[in-house]
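Undergrad: Dropping the structure in here first, questions after.
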Amino acid sequence: MSSDAGMQAAPQGVLISNTSVSTGSLPTRPPSHPSPPTHGSDDPSGRHPDPPTPRTLPTPIRPSAVGPQDVALIVLAALASFCLVWVVFYQLTFLTGGLGFLVCWYAGFLALTWLGTSQVIERQVATDRVVGILVWSAGLLIVGIVVFIVAWVTYKAVPSIHWSALFTKDQKTLTASDPNLLNHVGVLQAIVGTLEQVLMATLMGVPFAIATAVYLNEVGTGRTARLVRTVVTAMSGTPSIVAGVFIYSIFIFTGVLHYSGFAASLALVVILLPSVTRVVEEVLRVVPSGLREASFSLGAPEWRTVWSVVIPTARSGVVTAVLLGVARIVGETAPLIFTAFGSQVLNANPLVHDQGALPLVILSNTHAAQQVLINIAFQAAFVLMSIVLILFVLARYFSRTKSKKSGRAPTTEDDTLARIFLPIPIESAPE
Amino acid sequence: MTIELDMHPGGSVGVTPTPITPNREYSMPDRIYRRGVQVAGLGVLALLAAIGFFLINKGFPAFRVAGLSFFTNSGFNTLGHKATFGVFASLIGTIEVATVAMIVGAPVAIATAIFLSEYAPRRSRRSLIALVDLAAAIPSIIFGLWAIFELQPNVVGLSTWLSRHLAFIPFFKVTSPPLNASIFIAGLVVGIMIVPIVASICREVFSLAPPGEREAALALGASRWQMIRTVVIPFGRGGMIGAVMLGLGRALEETIAVTIILGGGFLYGPHILQHGGTTISQFIVVNFGSGGRLGTQALLLAGFTLFVITLIINLAASSIVNRSRSGAGVDL
Amino acid sequence: MTTYATTPPPPVPDDVSGLGRNRGTNLSGEAGQIDADGVCAWFSGRLVLEGVTLTMEKSKVTALIGPSGCGKSTFLRILNRMHEVVPGAQLAGSVRLDGLDIYGPGQRAMETRRHIGMVFQKPNPFPAMTIAENVLAGLRFSRVSPGNKDELVQASLTKAGLWKEVKDRLGELGGALSGGQQQRLCIARALAVKPRVLLMDEPCSALDPTSTLRIEETIKDIADEVTVVIVTHNMQQAQRVSDYCAFFLAEENRPGRVIEAGRTETIFGGPTDQRTFDYVNGQFG
C-alpha cells in the first residue's frame, strides 16, 4: 500500500526526475541542456537542484534502542519483584536473610522482565533484554568490587596512620598492649625489605627476560626455540608458592643461604621471568621487520640492529612490561614465607638474616587479637596497594605512549594490562 | 655444483642445478650476541628443569617413607615413630575450592567479557577495561584481607540460608557449625580473583570476532544477544575454554587468600559450608617450619605435586587456545 | 517459480510495530516499495550524505551508481537501519517502507531488518553452521517456524542459483564453498526470510565473472517477489540488471548527493545532467 506522500507515480513508474522518457536510444548523445549544469536555479523539472546557500540542515539524530516503554517495563519489573519477594519473605516467612532477599529479588526481577517484555513486545527482545541486564550486572559487580576494595583498604588504614612513624620506624619496640604503640612503630622494615627484594629481583630478572625474548624473536629458530617458548609458557603458570619452595629446597634447606632478602629475590625472579619474557617477546614481534631490514642494508651487524633499532622502537612496551612485572611480584606473599621469613626488625642487609616485607607484615597481623595489630596490617596493606596502584597507572601511561608513538589509535589490546598476570599468552591477530 | 640431466617428456634434456644455501657469516660481536641470548633462552629451560628436579630430589626421602600413601593419607604427623602424613585431605579440599571458584567465577567472567566487548558504552570502555585489569593486579593478600573482614561476615548469612533451605543437597548440609572459615567462602574469594584473568582473555578473543559475520547476523534481524550467540561465542569457543582452564589453574594454586580464610584447617569432607578444609598450598604454608626434616621433605613433595598439576593444566590450556580459530592468528 | 500450499497466513495479532510479523509461510512474498525523503547521514559529526530523496519502486531493480566514496553504501545501509550500528553515526530524513516510517517511534531496527534484507560485498556465511543451517539462520532469529524446512531450503537455494551444486552436501559447513558459491548462499539466506526488499552492496565485486553472471540472473529472477536495490561500480552490470538508476556524486569537499535518477535507459542513453553524462561515459570514477 503505497502512501500518497506527495509523490505521484506516473504511469511508467518514473522516479523523481521526469525528464522525457526516451525509449532505449542507446547511442549516447550529449545532454540537450547547456553545460555547465544549472546550480541553484529553481528548476521545475524536479531534477535534484543543488541546495541553496546558506542551507539549513535537519538536525542529526541517532535512533535509540531504548524508549520510554522499555524503561517503564524494567522499572515496573523491579518494583513488582521487590513487592513479591517482600511478601514471601516477611508476610509468609517462607525464607529469611538479607543476602537471600537480594538474590531472590534479582531472580524475580529477571523473570518478571522477561515475562513482561515477551508479552508486550516479543520473545527475542525479552531474552535480549534479560541477557543485557545479566551482562551489565556482571560487569558492574566486578568493577564495584575493585573500587570497593581499594576504597575500603584506604578507609580502614588511613585514620589510624601516624604518618611520621609509618615510614620511619620499624616494629622493634612492639608491645601489643601499648596504647601509644603507633607513635613509635611503623613498617619501615617491611618497606625496606620489599624494596630491596623487588629491586634485586628486577635487576636480575629483567635483563634475563629481555635476552630470552630477543632470543625467541630474533635469533632462535626451529625446534629449540619452540621448546623454549613452550617452557616459558609452562613456567608462567608456576604457582608462586612453588617458586618459594623451590628456592628453599635448593638454597636454604641445604644451608647454602640463610633466610634472607636475597633468597626472596631469587624466588621472585622465578615468577618475574616468564611473564616479562612473554610480554616483551610480543612487543618485539610487533616491531616492523622493515626496520630491521633497513638497518641490515646499511651494514649494521645484528646485535647493533637489535640494540639500537629494535629495542628502542619497542621501548615503551618494554617499560610497560617491566612495570607490570614489578607490580606483580610486589604483592607476592607465598614465596616470601619460605625465603625471607619476615621480621619485625629493620634489616637492611639482604644477604643475611630474616628480612621483613610488606605482605608478610599483613599476613602475620591479620588474625591478631588486638586491634592495634590489625591496624598495622591495614597500614601495610595500604602502602602495598598504593605501590601497586602507582605502578599500574605508570604502566598504563607508558602503554599509551607506545601507541601514540607508533601513530595508530590506541586499541583495546594496549589496555590488556592483565596480560602480565596471565599464565599463557593470548596473541592477538597480526596487525 | 653438480649437474643433473633430466629427461623431460618429449625427449628434451634439461639441466637442473642444485640450489646452494649461502652460509651466513657472523662477525665476532654478533656471535657473542647470538650465543649470549641463546644461553638466556636455554637458561629458561634449565630453570624449569631445575625446579622439577630439585623439588623431587629433596622431597624424595619423604616419598620413600610414605610411598603412595602420601596421596591417600592425610595429616602431618611426621615426628615420632609411625609417621603418617599425606595430602589426601588437601587434594580433596583443593578440588572443592577450585570447583566452587569455577562455578562462581567462570560465568561471571564470561558475562563480564561480553559486557566489556559488546555492551560497554564506547566512551567508558577503556576505563572499565582498566578497572577490571586492575582487579588482576591486586595482590591476593589484599583480597584475603578483604575476604576475612568484609566478605566472610556477609557470606556466613548466605551460608546459613543455604544450609537451612537447601539442605537436601548433600554439599549444603551442615553437621558442625560455625560456618566461617569454610571451603565455600574460600572458593568464593578465589572465584572473584579469577574473574579478571578469565574475562581479560575472553574479551580479547571476542573482540576478534569477524565484523562481517556480525553484520550478516544483524542484517538478518538478529537481536544483539542473538548475534553474540551465533557469531561471537562460537568464534571464541577455543579461547573461552582455554581461559576457563587458566582460571582453573589459578584457582588450584591460590595460596594466601585461601590460607587466610581457612586458617589452620585440616578436615575434609563434602560439607563445604562449615568450617574446616585444607588445600595443598595451604597445607604447605600452615605446616612449614614444623615436623622436622621429614616434615620439610614432605612439604617439598607436596609442592612438587602442585607443580605438576598446574603444569599439566596450563600446557593443555595453551594448546587448546592456540589451536582454535580464535587463537589462530598466531604462528607459534 | 515454485508454488507453495495455498493456505492463507494465520491472522497476525495486534502488532505494535505495524510492519507485521514476517511469517515464513507468507506466500509469494510481497515486494515492497521504499520511499526515501531528504535523507542525510553523518559520521562523527561529518556530513557525508545530503538530501537524498528517492523512490525505489516495488518489484523493480534500482541501481545506485557513482564513483567510490560518494555515499551509496551509506545510503543503502540507512535503508535497513544498519547505519546506526556504527558508533558515531547519525542520520536525518525519513525512510518509508510501504508507507510506514521505519525510523518512527516504537519501530525496532530488528523488525525492519527482517523486511529489508542485505547482501554484503564480502560473502559472510556463518562458518560454524552447515549450508542448510545457514539458509535457515534468519528464521531462527525471528523464531518463525518455516513449515517445511527442507522445502524452504531447496526453494531459497534454487532461487539463488545454488541448489544444483550443493543439494548433495547440505550438511557441509558454510565456509567450505568457493567465493561465488558463498555469496549465493548469502543470497539464499537473505531470501529465506521472505523480505520485501533486498539490498545488495556491490555483491559481485569480489567475485569472478561466471559467478557474477549467475548472480545477475538471480537478481532478474527474484525481482518480481523482492524489490532489489543494488549498489554497483560496474556500469555494464547496472545496465544489464536494473530498471532504474540513481547517480550519486560527492563533489570536492561536499557531501554526497543524488545528481540524477530515472529509468536506466534514460540515465545511460540521454541523461540530463552533464556530470551524469561524463560518468556513464567513463570520464571519471
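The chains in the C-alpha cells are called A, B, ... from first to last as shown; in each chain the residues are counted from 1, and the ligands are counted from 1 in the order shown.
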Any chance you could tabulate, as a Markdown table, the residues of chain B at most 12 Å from chain C with each one's nearest atom pair and distance in Å to one decimal, using only C-alpha atoms, in chain and rising number order?
TA:
```
| residue | atom | partner | partner_atom | distance |
| --- | --- | --- | --- | --- |
| B:Glu118 | CA | C:Val85 | CA | 11.9 |
| B:Pro121 | CA | C:Pro87 | CA | 9.9 |
| B:Arg122 | CA | C:Pro87 | CA | 7.9 |
| B:Arg123 | CA | C:Pro87 | CA | 10.4 |
| B:Ala209 | CA | C:Phe126 | CA | 11.6 |
| B:Pro210 | CA | C:Asn124 | CA | 9.2 |
| B:Pro211 | CA | C:Asn124 | CA | 9.4 |
| B:Gly212 | CA | C:Asn124 | CA | 5.9 |
| B:Glu213 | CA | C:Asn124 | CA | 5.4 |
| B:Arg214 | CA | C:Asn124 | CA | 8.9 |
| B:Glu215 | CA | C:Met82 | CA | 8.1 |
| B:Ala216 | CA | C:Asn124 | CA | 6.6 |
| B:Ala217 | CA | C:Gly138 | CA | 7.7 |
| B:Leu218 | CA | C:Met110 | CA | 7.5 |
| B:Ala219 | CA | C:Arg113 | CA | 5.7 |
| B:Leu220 | CA | C:Gly138 | CA | 5.2 |
| B:Gly221 | CA | C:Met110 | CA | 4.6 |
| B:Ala222 | CA | C:Phe141 | CA | 5.2 |
| B:Ser223 | CA | C:Met110 | CA | 6.3 |
| B:Arg224 | CA | C:Met110 | CA | 9.2 |
| B:Trp225 | CA | C:Phe141 | CA | 10.2 |
| B:Gln226 | CA | C:Phe141 | CA | 6.8 |
| B:Met227 | CA | C:Phe141 | CA | 8.7 |
| B:Ile228 | CA | C:Phe141 | CA | 11.7 |
| B:Arg229 | CA | C:Phe141 | CA | 10.5 |
| B:Thr230 | CA | C:Phe126 | CA | 8.2 |
| B:Val231 | CA | C:Phe126 | CA | 7.4 |
| B:Val232 | CA | C:Phe126 | CA | 10.8 |
| B:Ile233 | CA | C:Ala128 | CA | 10.7 |
| B:Pro234 | CA | C:Ala128 | CA | 7.2 |
| B:Phe235 | CA | C:Ala128 | CA | 8.1 |
| B:Gly236 | CA | C:Ala128 | CA | 11.4 |
| B:Arg237 | CA | C:Ala128 | CA | 11.0 |
| B:Arg325 | CA | C:Ala128 | CA | 10.7 |
```
Undergrad: Emit the selected residues as a CSV table (one decimal), in the first residue's frame, including N, CA and C atoms.
TA:
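The resulting file, result.csv, is shown below:
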```
chain,number,residue,atom,x,y,z
B,118,GLU,N,31.0,-6.1,24.2
B,118,GLU,CA,29.8,-5.8,23.4
B,118,GLU,C,28.9,-4.7,23.9
B,121,PRO,N,29.5,1.1,27.1
B,121,PRO,CA,29.5,2.3,26.3
B,121,PRO,C,30.9,2.7,25.8
B,122,ARG,N,30.9,3.2,24.6
B,122,ARG,CA,32.2,3.3,23.9
B,122,ARG,C,33.1,4.2,24.7
B,123,ARG,N,32.6,5.3,25.3
B,123,ARG,CA,33.5,6.2,26.0
B,123,ARG,C,34.1,5.7,27.2
B,209,ALA,N,36.2,-11.4,16.9
B,209,ALA,CA,35.2,-12.0,16.0
B,209,ALA,C,35.0,-11.2,14.8
B,210,PRO,N,34.9,-11.9,13.6
B,210,PRO,CA,34.9,-11.1,12.4
B,210,PRO,C,33.7,-10.2,12.2
B,211,PRO,N,33.9,-8.9,11.9
B,211,PRO,CA,32.8,-8.0,11.8
B,211,PRO,C,31.8,-8.3,10.7
B,212,GLY,N,32.3,-8.9,9.6
B,212,GLY,CA,31.4,-9.3,8.5
B,212,GLY,C,30.3,-10.2,8.9
B,213,GLU,N,30.7,-11.2,9.8
B,213,GLU,CA,29.6,-12.1,10.2
B,213,GLU,C,28.7,-11.4,11.2
B,214,ARG,N,29.2,-10.5,12.0
B,214,ARG,CA,28.4,-9.8,12.9
B,214,ARG,C,27.3,-9.0,12.1
B,215,GLU,N,27.8,-8.3,11.1
B,215,GLU,CA,26.8,-7.6,10.3
B,215,GLU,C,25.8,-8.5,9.6
B,216,ALA,N,26.3,-9.6,9.1
B,216,ALA,CA,25.3,-10.5,8.5
B,216,ALA,C,24.2,-10.9,9.4
B,217,ALA,N,24.6,-11.2,10.7
B,217,ALA,CA,23.6,-11.6,11.6
B,217,ALA,C,22.6,-10.5,11.9
B,218,LEU,N,23.2,-9.3,12.1
B,218,LEU,CA,22.3,-8.2,12.4
B,218,LEU,C,21.4,-7.9,11.2
B,219,ALA,N,21.9,-8.0,10.0
B,219,ALA,CA,21.1,-7.7,8.9
B,219,ALA,C,20.0,-8.7,8.7
B,220,LEU,N,20.1,-9.9,9.3
B,220,LEU,CA,19.0,-10.8,9.2
B,220,LEU,C,18.0,-10.6,10.2
B,221,GLY,N,18.1,-9.6,11.0
B,221,GLY,CA,17.1,-9.3,12.0
B,221,GLY,C,17.4,-9.9,13.4
B,222,ALA,N,18.7,-10.2,13.7
B,222,ALA,CA,19.0,-10.8,15.0
B,222,ALA,C,19.1,-9.7,16.0
B,223,SER,N,18.7,-10.0,17.2
B,223,SER,CA,18.9,-9.0,18.3
B,223,SER,C,20.4,-9.1,18.7
B,224,ARG,N,20.9,-8.2,19.6
B,224,ARG,CA,22.3,-8.2,19.9
B,224,ARG,C,22.7,-9.5,20.5
B,225,TRP,N,21.9,-10.0,21.4
B,225,TRP,CA,22.2,-11.3,22.1
B,225,TRP,C,22.3,-12.4,21.0
B,226,GLN,N,21.3,-12.4,20.1
B,226,GLN,CA,21.3,-13.5,19.1
B,226,GLN,C,22.6,-13.4,18.3
B,227,MET,N,23.0,-12.2,18.0
B,227,MET,CA,24.2,-12.0,17.2
B,227,MET,C,25.4,-12.6,18.0
B,228,ILE,N,25.4,-12.2,19.3
B,228,ILE,CA,26.6,-12.7,20.1
B,228,ILE,C,26.6,-14.2,20.1
B,229,ARG,N,25.4,-14.8,20.3
B,229,ARG,CA,25.3,-16.2,20.4
B,229,ARG,C,25.6,-16.9,19.1
B,230,THR,N,25.3,-16.3,18.0
B,230,THR,CA,25.6,-17.0,16.7
B,230,THR,C,27.0,-16.8,16.2
B,231,VAL,N,27.5,-15.6,16.5
B,231,VAL,CA,28.8,-15.3,15.8
B,231,VAL,C,29.9,-15.2,16.8
B,232,VAL,N,29.8,-14.4,17.9
B,232,VAL,CA,30.9,-14.2,18.8
B,232,VAL,C,31.3,-15.4,19.6
B,233,ILE,N,30.3,-16.0,20.2
B,233,ILE,CA,30.6,-17.1,21.1
B,233,ILE,C,31.2,-18.3,20.4
B,234,PRO,N,30.5,-18.7,19.3
B,234,PRO,CA,31.1,-19.8,18.6
B,234,PRO,C,32.6,-19.5,18.1
B,235,PHE,N,32.8,-18.3,17.7
B,235,PHE,CA,34.1,-17.9,17.3
B,235,PHE,C,35.1,-18.0,18.4
B,236,GLY,N,34.7,-17.6,19.6
B,236,GLY,CA,35.6,-17.6,20.7
B,236,GLY,C,35.6,-18.8,21.6
B,237,ARG,N,35.0,-19.9,21.0
B,237,ARG,CA,34.9,-21.1,21.9
B,237,ARG,C,36.3,-21.6,22.4
B,325,ARG,N,40.2,-21.4,16.4
B,325,ARG,CA,40.1,-20.4,15.4
B,325,ARG,C,40.4,-19.0,16.0
```
Undergrad: Would you list, as a PyMOL selection string, the residues of range 10-173 of chain C that end up in strand (DSSP E) under DSSP run on this structure's backbone?
TA: chain C and resi 34-43+46-56+61-65+89-97+100-101+116-119
Undergrad: Print the selection's residues with N, CA and C atoms to a file, as a CSV table (one decimal), in the first residue's frame.
TA:
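What landed in again-v8.csv:
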```csv
chain,number,residue,atom,x,y,z
C,34,ILE,N,10.2,1.4,-1.3
C,34,ILE,CA,10.8,2.2,-0.3
C,34,ILE,C,10.8,3.7,-0.8
C,35,ASP,N,10.4,4.6,0.0
C,35,ASP,CA,10.5,6.0,-0.3
C,35,ASP,C,11.4,6.7,0.7
C,36,ALA,N,12.5,7.2,0.1
C,36,ALA,CA,13.4,8.0,1.0
C,36,ALA,C,13.2,9.4,0.8
C,37,ASP,N,13.2,10.2,1.8
C,37,ASP,CA,12.9,11.6,1.7
C,37,ASP,C,13.9,12.4,2.5
C,38,GLY,N,14.7,13.2,1.8
C,38,GLY,CA,15.6,14.1,2.5
C,38,GLY,C,16.6,13.4,3.4
C,39,VAL,N,17.1,12.3,3.0
C,39,VAL,CA,18.0,11.5,3.9
C,39,VAL,C,19.4,12.2,3.9
C,40,CYS,N,19.8,12.4,5.1
C,40,CYS,CA,21.2,12.9,5.4
C,40,CYS,C,21.9,12.0,6.3
C,41,ALA,N,23.2,11.9,6.2
C,41,ALA,CA,24.0,11.0,7.0
C,41,ALA,C,25.3,11.7,7.5
C,42,TRP,N,25.6,11.4,8.8
C,42,TRP,CA,26.8,12.0,9.4
C,42,TRP,C,27.6,10.8,10.0
C,43,PHE,N,28.9,11.0,9.9
C,43,PHE,CA,29.8,10.1,10.7
C,43,PHE,C,30.6,10.9,11.6
C,46,ARG,N,30.7,14.5,10.8
C,46,ARG,CA,31.0,14.9,9.4
C,46,ARG,C,29.8,14.5,8.5
C,47,LEU,N,29.3,15.5,7.7
C,47,LEU,CA,28.2,15.2,6.8
C,47,LEU,C,28.7,14.5,5.6
C,48,VAL,N,28.2,13.3,5.3
C,48,VAL,CA,28.7,12.5,4.2
C,48,VAL,C,27.6,12.4,3.1
C,49,LEU,N,26.4,12.6,3.5
C,49,LEU,CA,25.3,12.4,2.5
C,49,LEU,C,24.2,13.4,2.8
C,50,GLU,N,23.7,14.0,1.7
C,50,GLU,CA,22.8,15.1,1.9
C,50,GLU,C,21.6,15.1,1.0
C,51,GLY,N,20.5,15.2,1.7
C,51,GLY,CA,19.2,15.5,0.9
C,51,GLY,C,18.9,14.4,-0.1
C,52,VAL,N,19.0,13.2,0.2
C,52,VAL,CA,18.7,12.2,-0.8
C,52,VAL,C,17.2,11.9,-0.8
C,53,THR,N,16.5,12.1,-1.9
C,53,THR,CA,15.1,11.8,-2.0
C,53,THR,C,14.9,10.9,-3.2
C,54,LEU,N,14.4,9.7,-2.9
C,54,LEU,CA,14.5,8.6,-4.0
C,54,LEU,C,13.3,7.7,-3.7
C,55,THR,N,12.7,7.2,-4.7
C,55,THR,CA,11.7,6.1,-4.6
C,55,THR,C,12.3,4.9,-5.2
C,56,MET,N,12.2,3.8,-4.5
C,56,MET,CA,12.6,2.5,-5.1
C,56,MET,C,11.4,1.7,-5.4
C,61,VAL,N,14.2,-3.4,-10.0
C,61,VAL,CA,15.6,-3.3,-9.6
C,61,VAL,C,16.1,-1.9,-9.8
C,62,THR,N,16.5,-1.3,-8.7
C,62,THR,CA,17.1,0.0,-8.7
C,62,THR,C,18.6,-0.1,-8.5
C,63,ALA,N,19.4,0.5,-9.3
C,63,ALA,CA,20.8,0.5,-9.1
C,63,ALA,C,21.3,1.9,-8.7
C,64,LEU,N,22.2,1.9,-7.7
C,64,LEU,CA,22.8,3.1,-7.2
C,64,LEU,C,24.2,3.1,-7.8
C,65,ILE,N,24.5,4.1,-8.6
C,65,ILE,CA,25.8,4.1,-9.3
C,65,ILE,C,26.5,5.4,-8.9
C,89,ALA,N,27.5,7.4,14.3
C,89,ALA,CA,26.8,7.6,13.1
C,89,ALA,C,25.4,8.3,13.4
C,90,GLN,N,25.1,9.2,12.6
C,90,GLN,CA,23.8,9.9,12.8
C,90,GLN,C,23.1,10.1,11.4
C,91,LEU,N,21.8,10.3,11.5
C,91,LEU,CA,21.1,10.5,10.2
C,91,LEU,C,19.9,11.4,10.4
C,92,ALA,N,19.3,11.8,9.3
C,92,ALA,CA,18.1,12.6,9.3
C,92,ALA,C,17.3,12.3,8.1
C,93,GLY,N,16.1,12.7,8.1
C,93,GLY,CA,15.2,12.4,6.9
C,93,GLY,C,14.3,11.3,7.3
C,94,SER,N,13.5,10.8,6.3
C,94,SER,CA,12.6,9.7,6.6
C,94,SER,C,12.8,8.7,5.5
C,95,VAL,N,12.5,7.5,5.9
C,95,VAL,CA,12.6,6.3,5.0
C,95,VAL,C,11.3,5.5,5.3
C,96,ARG,N,10.5,5.3,4.2
C,96,ARG,CA,9.3,4.6,4.4
C,96,ARG,C,9.2,3.3,3.6
C,97,LEU,N,8.8,2.3,4.3
C,97,LEU,CA,8.6,1.0,3.6
C,97,LEU,C,7.1,0.8,3.5
C,100,LEU,N,5.2,3.0,5.8
C,100,LEU,CA,5.5,3.1,7.2
C,100,LEU,C,6.9,3.6,7.4
C,101,ASP,N,7.0,4.6,8.3
C,101,ASP,CA,8.4,5.2,8.6
C,101,ASP,C,9.2,4.2,9.4
C,116,ILE,N,13.7,-5.9,5.3
C,116,ILE,CA,14.6,-5.4,4.3
C,116,ILE,C,15.9,-6.1,4.5
C,117,GLY,N,16.2,-7.0,3.6
C,117,GLY,CA,17.4,-7.8,3.8
C,117,GLY,C,18.6,-7.2,3.1
C,118,MET,N,19.8,-7.8,3.4
C,118,MET,CA,21.0,-7.2,2.8
C,118,MET,C,22.0,-8.3,2.5
C,119,VAL,N,22.7,-8.1,1.4
C,119,VAL,CA,23.8,-9.0,1.0
C,119,VAL,C,25.0,-8.1,0.9
```
Undergrad: Rounded to one decimal in Å, what is the spacing between CA of Ile141 in chain B and CA of Ala257 in chain B?
TA: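 Rounded to one decimal, the two atoms are 5.8 Å apart.
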Undergrad: Using only C-alpha atoms, which protein or nucleic acid residues come within 12 Å of Phe115 in chain B? Drop anything in the same chain fewer than 5 positions from it, and give the result as a short mmCIF file (atom, residue, chain, number, x, y, z; two decimals) with N, CA and C atoms, in the first residue's frame.
TA:
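That gives us out_0.cif:
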```
data_model
loop_
_atom_site.label_atom_id
_atom_site.label_comp_id
_atom_site.auth_asym_id
_atom_site.auth_seq_id
_atom_site.Cartn_x
_atom_site.Cartn_y
_atom_site.Cartn_z
N VAL A 131 19.42 -10.81 28.99
CA VAL A 131 20.87 -11.03 28.85
C VAL A 131 21.61 -9.72 29.08
N GLY A 132 21.05 -8.64 28.52
CA GLY A 132 21.70 -7.36 28.73
C GLY A 132 21.81 -7.02 30.21
N ILE A 133 20.74 -7.28 30.96
CA ILE A 133 20.78 -6.98 32.39
C ILE A 133 21.83 -7.83 33.09
N LEU A 134 21.85 -9.12 32.75
CA LEU A 134 22.82 -10.02 33.38
C LEU A 134 24.24 -9.55 33.12
N VAL A 135 24.47 -9.21 31.88
CA VAL A 135 25.82 -8.85 31.49
C VAL A 135 26.25 -7.55 32.17
N TRP A 136 25.36 -6.59 32.21
CA TRP A 136 25.67 -5.35 32.90
C TRP A 136 25.92 -5.61 34.38
N SER A 137 25.11 -6.49 34.96
CA SER A 137 25.30 -6.78 36.38
C SER A 137 26.67 -7.34 36.65
N ALA A 138 27.09 -8.27 35.78
CA ALA A 138 28.40 -8.89 35.99
C ALA A 138 29.48 -7.84 35.93
N GLY A 139 29.43 -7.01 34.88
CA GLY A 139 30.48 -6.01 34.72
C GLY A 139 30.53 -5.06 35.90
N LEU A 140 29.35 -4.56 36.28
CA LEU A 140 29.34 -3.59 37.37
C LEU A 140 29.73 -4.24 38.70
N LEU A 141 29.41 -5.53 38.82
CA LEU A 141 29.78 -6.22 40.05
C LEU A 141 31.29 -6.25 40.23
N ILE A 142 31.98 -6.66 39.19
CA ILE A 142 33.43 -6.75 39.29
C ILE A 142 34.05 -5.38 39.50
N VAL A 143 33.61 -4.44 38.69
CA VAL A 143 34.16 -3.10 38.85
C VAL A 143 33.87 -2.57 40.24
N VAL B 108 30.53 -15.49 35.66
CA VAL B 108 30.66 -14.04 35.86
C VAL B 108 31.74 -13.48 34.94
N ALA B 109 32.83 -14.25 34.78
CA ALA B 109 33.91 -13.75 33.94
C ALA B 109 33.47 -13.66 32.49
N ILE B 110 32.77 -14.69 32.00
CA ILE B 110 32.34 -14.65 30.60
C ILE B 110 31.34 -13.52 30.40
N ALA B 120 29.56 -2.39 26.76
CA ALA B 120 30.02 -1.21 27.49
C ALA B 120 29.97 0.01 26.59
N PRO B 121 29.55 1.15 27.11
CA PRO B 121 29.48 2.35 26.28
C PRO B 121 30.87 2.71 25.79
N ARG B 122 30.91 3.15 24.57
CA ARG B 122 32.20 3.34 23.92
C ARG B 122 33.14 4.22 24.74
N SER B 124 33.33 4.92 27.95
CA SER B 124 33.88 4.42 29.22
C SER B 124 34.56 3.08 29.08
N ARG B 125 34.59 2.55 27.86
CA ARG B 125 35.09 1.18 27.72
C ARG B 125 36.52 1.04 28.21
N LEU B 128 36.74 1.07 31.97
CA LEU B 128 36.19 -0.14 32.57
C LEU B 128 37.16 -1.30 32.40
N ILE B 129 37.74 -1.39 31.21
CA ILE B 129 38.72 -2.46 30.99
C ILE B 129 39.88 -2.29 31.95
N VAL B 132 38.93 -3.53 35.38
CA VAL B 132 38.91 -4.99 35.51
C VAL B 132 40.33 -5.55 35.51
N ALA B 199 38.19 -13.10 32.24
CA ALA B 199 37.48 -12.09 31.48
C ALA B 199 38.40 -11.40 30.49
N SER B 200 39.63 -11.18 30.89
CA SER B 200 40.54 -10.48 30.00
C SER B 200 40.82 -11.29 28.74
N CYS B 202 38.94 -13.73 27.48
CA CYS B 202 37.70 -13.86 26.70
C CYS B 202 37.40 -12.56 25.96
N ARG B 203 37.63 -11.46 26.62
CA ARG B 203 37.33 -10.18 25.99
C ARG B 203 38.18 -9.99 24.74
N PHE B 206 36.83 -12.25 22.06
CA PHE B 206 35.56 -11.80 21.49
C PHE B 206 35.76 -10.63 20.54
N SER B 207 36.71 -9.77 20.89
CA SER B 207 36.86 -8.59 20.04
C SER B 207 37.44 -8.95 18.68
N ARG B 224 20.86 -8.20 19.57
CA ARG B 224 22.28 -8.20 19.91
C ARG B 224 22.70 -9.52 20.54
N TRP B 225 21.87 -10.04 21.42
CA TRP B 225 22.23 -11.29 22.07
C TRP B 225 22.26 -12.43 21.05
N ILE B 228 25.45 -12.22 19.25
CA ILE B 228 26.56 -12.70 20.07
C ILE B 228 26.55 -14.22 20.11
#
```
Undergrad: Take CA of Ala209 in chain A and CA of Val256 in chain A and report the distance between them in Å, one decimal.
TA: 25.4 Å
Undergrad: Return the single residue from B:Trp146, B:Gly86, B:Phe60, B:Ile280 that is closest to chain A, with distances computed using only C-alpha atoms.
TA: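 With only C-alpha atoms as the atom set, the closest residue is B:Trp146.
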Undergrad: Considering only C-alpha atoms, can you say which of B:Leu248, B:Ile148, B:Ala40, B:Ile309 comes closest to chain A?
TA: B:Ala40
Undergrad: Taking only C-alpha atoms into account, which of B:Ala317, B:Val87, B:Val174, B:Ala66 comes nearest chain A?
TA: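 The answer is B:Ala317, which sits nearest to chain A.
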Undergrad: Listing only residues of chain C within 7 Å of chain A, what is the closest atom pair and its distance in Å (to one decimal) for each, using only C-alpha atoms, sorted by chain and residue number ascending, as a Markdown table?
TA:
```
| residue | atom | partner | partner_atom | distance |
| --- | --- | --- | --- | --- |
| C:Leu54 | CA | A:Ile16 | CA | 6.9 |
| C:Thr55 | CA | A:Leu15 | CA | 6.2 |
| C:Glu84 | CA | A:Arg62 | CA | 6.9 |
| C:Ala89 | CA | A:Arg62 | CA | 7.0 |
| C:Gln90 | CA | A:Arg62 | CA | 4.9 |
| C:Leu91 | CA | A:Pro60 | CA | 5.1 |
| C:Ala92 | CA | A:Pro60 | CA | 5.2 |
| C:Asp98 | CA | A:Ser2 | CA | 5.1 |
| C:Gly99 | CA | A:Ser3 | CA | 5.1 |
| C:Val258 | CA | A:His48 | CA | 6.9 |
| C:Ile259 | CA | A:His48 | CA | 5.8 |
| C:Glu260 | CA | A:His48 | CA | 6.4 |
| C:Ala261 | CA | A:Ser17 | CA | 6.2 |
| C:Gly262 | CA | A:Leu15 | CA | 5.4 |
| C:Arg263 | CA | A:Val14 | CA | 6.8 |
| C:Glu265 | CA | A:Gly24 | CA | 5.3 |
| C:Thr266 | CA | A:Ser22 | CA | 6.2 |
| C:Gly269 | CA | A:Thr28 | CA | 4.9 |
| C:Gly270 | CA | A:Thr28 | CA | 6.0 |
| C:Pro271 | CA | A:Pro31 | CA | 6.0 |
| C:Thr272 | CA | A:Pro31 | CA | 5.2 |
| C:Asp273 | CA | A:Pro37 | CA | 6.1 |
| C:Gln274 | CA | A:Pro37 | CA | 6.0 |
| C:Phe277 | CA | A:Pro30 | CA | 7.0 |
```
Undergrad: Between CA of Ala377 in chain A and CA of Val156 in chain B, measure the distance and give it in Å to one decimal.
TA: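 Calculated distance between CA of Ala377 in chain A and CA of Val156 in chain B is 23.4 Å.
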Undergrad: Pull the alpha helix (DSSP H) assignments for range 80-122 of chain A out of DSSP run on the backbone, and list those residues as a PyMOL selection string.
TA: chain A and resi 80-86+98-120
Undergrad: As a ChimeraX atom specification, please: the residues near Ala89 in chain B (cut-off 8 Å, only C-alpha atoms, same-chain neighbours under 3 positions excluded).
TA: /B:73-75,86,92-93,266-268,277-279
